[in-house]
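Working notes for the structure below.
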Amino acid sequence: MGVSSISNCIEAAAELGLADEWIENVKQARDRLYPMQIGKYGQLQEWSIDYEDVEPHHRHVSHLYGVYPGNQITDGPLLDAAKQTLNRRGDEGTGWSLGWKSVSGQD
């Protein structure tokens with residue numbers, strides 16, 4: 001979520017003609033964030049360390065923000081990992097998580 005939001009901020013700042021120094025500082029902060037990684041089950045890792053899921057069917061899927069509503073993940077291995085995450089989490093859920101799963105491309 002952070003990388004997508006920061007990238008949007010950088011694009012908006014450039015469009016508005018804000019100070020290049022400020023934009024460069026924001027880019028440097030973005031570059032210090034942990035990269036998205038694929039875990040041992042082929043899933044998109046939720047954390048920087050590939051922890052064993054205590055509750056594999058947990059409804060929480062905010063680490064898929066890059067798929068929806070963000071646009072960081074559109075194809076390739078990370079999209080495959082996002083789909084695997086949804087498959088592992090299953091179809092159960094309530095409220096936001098169920099809606100998020102439905103628009104995130106689970107097949």
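Ordered as shown in the structure tokens, chains take letters A, B, and onward, while each chain numbers its residues from 1 and ligands are numbered from 1 in the order shown.
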
### Task
Please identify all polymer residues within 9 Å of range 30-47 of chain A, counting only C-alpha atoms, omitting same-chain residues fewer than 5 positions from it, and present them as number ranges by chain.
A: 2-3, 6-7, 25, 61-64, 77-88

Export of prior selection with C-alpha atoms as a tab-separated table (two decimals), in the first residue's frame:
```
chain	number	residue	atom	x	y	z
A	2	GLY	CA	2.80	2.37	0.91
A	3	VAL	CA	4.72	2.17	-2.37
A	6	ILE	CA	3.97	7.25	-2.37
A	7	SER	CA	4.29	6.77	-6.13
A	25	ASN	CA	13.40	12.93	-0.74
A	61	VAL	CA	-5.77	-9.20	2.34
A	62	SER	CA	-4.53	-5.60	2.54
A	63	HIS	CA	-1.13	-6.72	1.25
A	64	LEU	CA	-2.92	-7.18	-2.11
A	77	PRO	CA	5.09	-13.45	-11.02
A	78	LEU	CA	3.71	-10.99	-8.47
A	79	LEU	CA	0.21	-11.24	-9.98
A	80	ASP	CA	0.50	-15.04	-9.89
A	81	ALA	CA	1.56	-14.77	-6.24
A	82	ALA	CA	-1.41	-12.50	-5.47
A	83	LYS	CA	-3.76	-15.06	-7.04
A	84	GLN	CA	-2.12	-17.78	-4.97
A	85	THR	CA	-2.67	-15.68	-1.86
A	86	LEU	CA	-6.38	-15.46	-2.67
A	87	ASN	CA	-6.56	-19.18	-3.36
A	88	ARG	CA	-4.89	-19.96	-0.04
```

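You can rank A:Glu11, A:Ala19, A:Arg59, A:Ser5 by their closest distance to Gly90 in chain A using only C-alpha atoms, and at the top of that list sits A:Arg59.
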
### Query
In Å, how far is it from CA of Ile10 in chain A to CA of Gln28 in chain A?
11.0 Å

### Summary
The distance between CA of Arg89 in chain A and CA of Pro56 in chain A is 5.9 Å

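Between CA of Gly66 in chain A and CA of Ala29 in chain A there is a distance of 18.0 Å.
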
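Residues surrounding Ser4 in chain A within 8 Å are Gly66, Gly70, Asn71 and Gln72 of chain A [only C-alpha atoms; sequence separation below 6 positions excluded].
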
Can you write just those residues out, C-alpha atoms, as a PDB file, in the first residue's frame?
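As written to disk, again-v6.pdb reads:
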```pdb
ATOM      1  CA  GLY A  66      -1.027  -3.423  -5.289  1.00  0.00           C
ATOM      2  CA  GLY A  70      -3.645   0.038  -6.512  1.00  0.00           C
ATOM      3  CA  ASN A  71      -2.017  -0.696  -9.843  1.00  0.00           C
ATOM      4  CA  GLN A  72       1.484  -1.857  -8.961  1.00  0.00           C
TER       5      GLN A  72
END
```
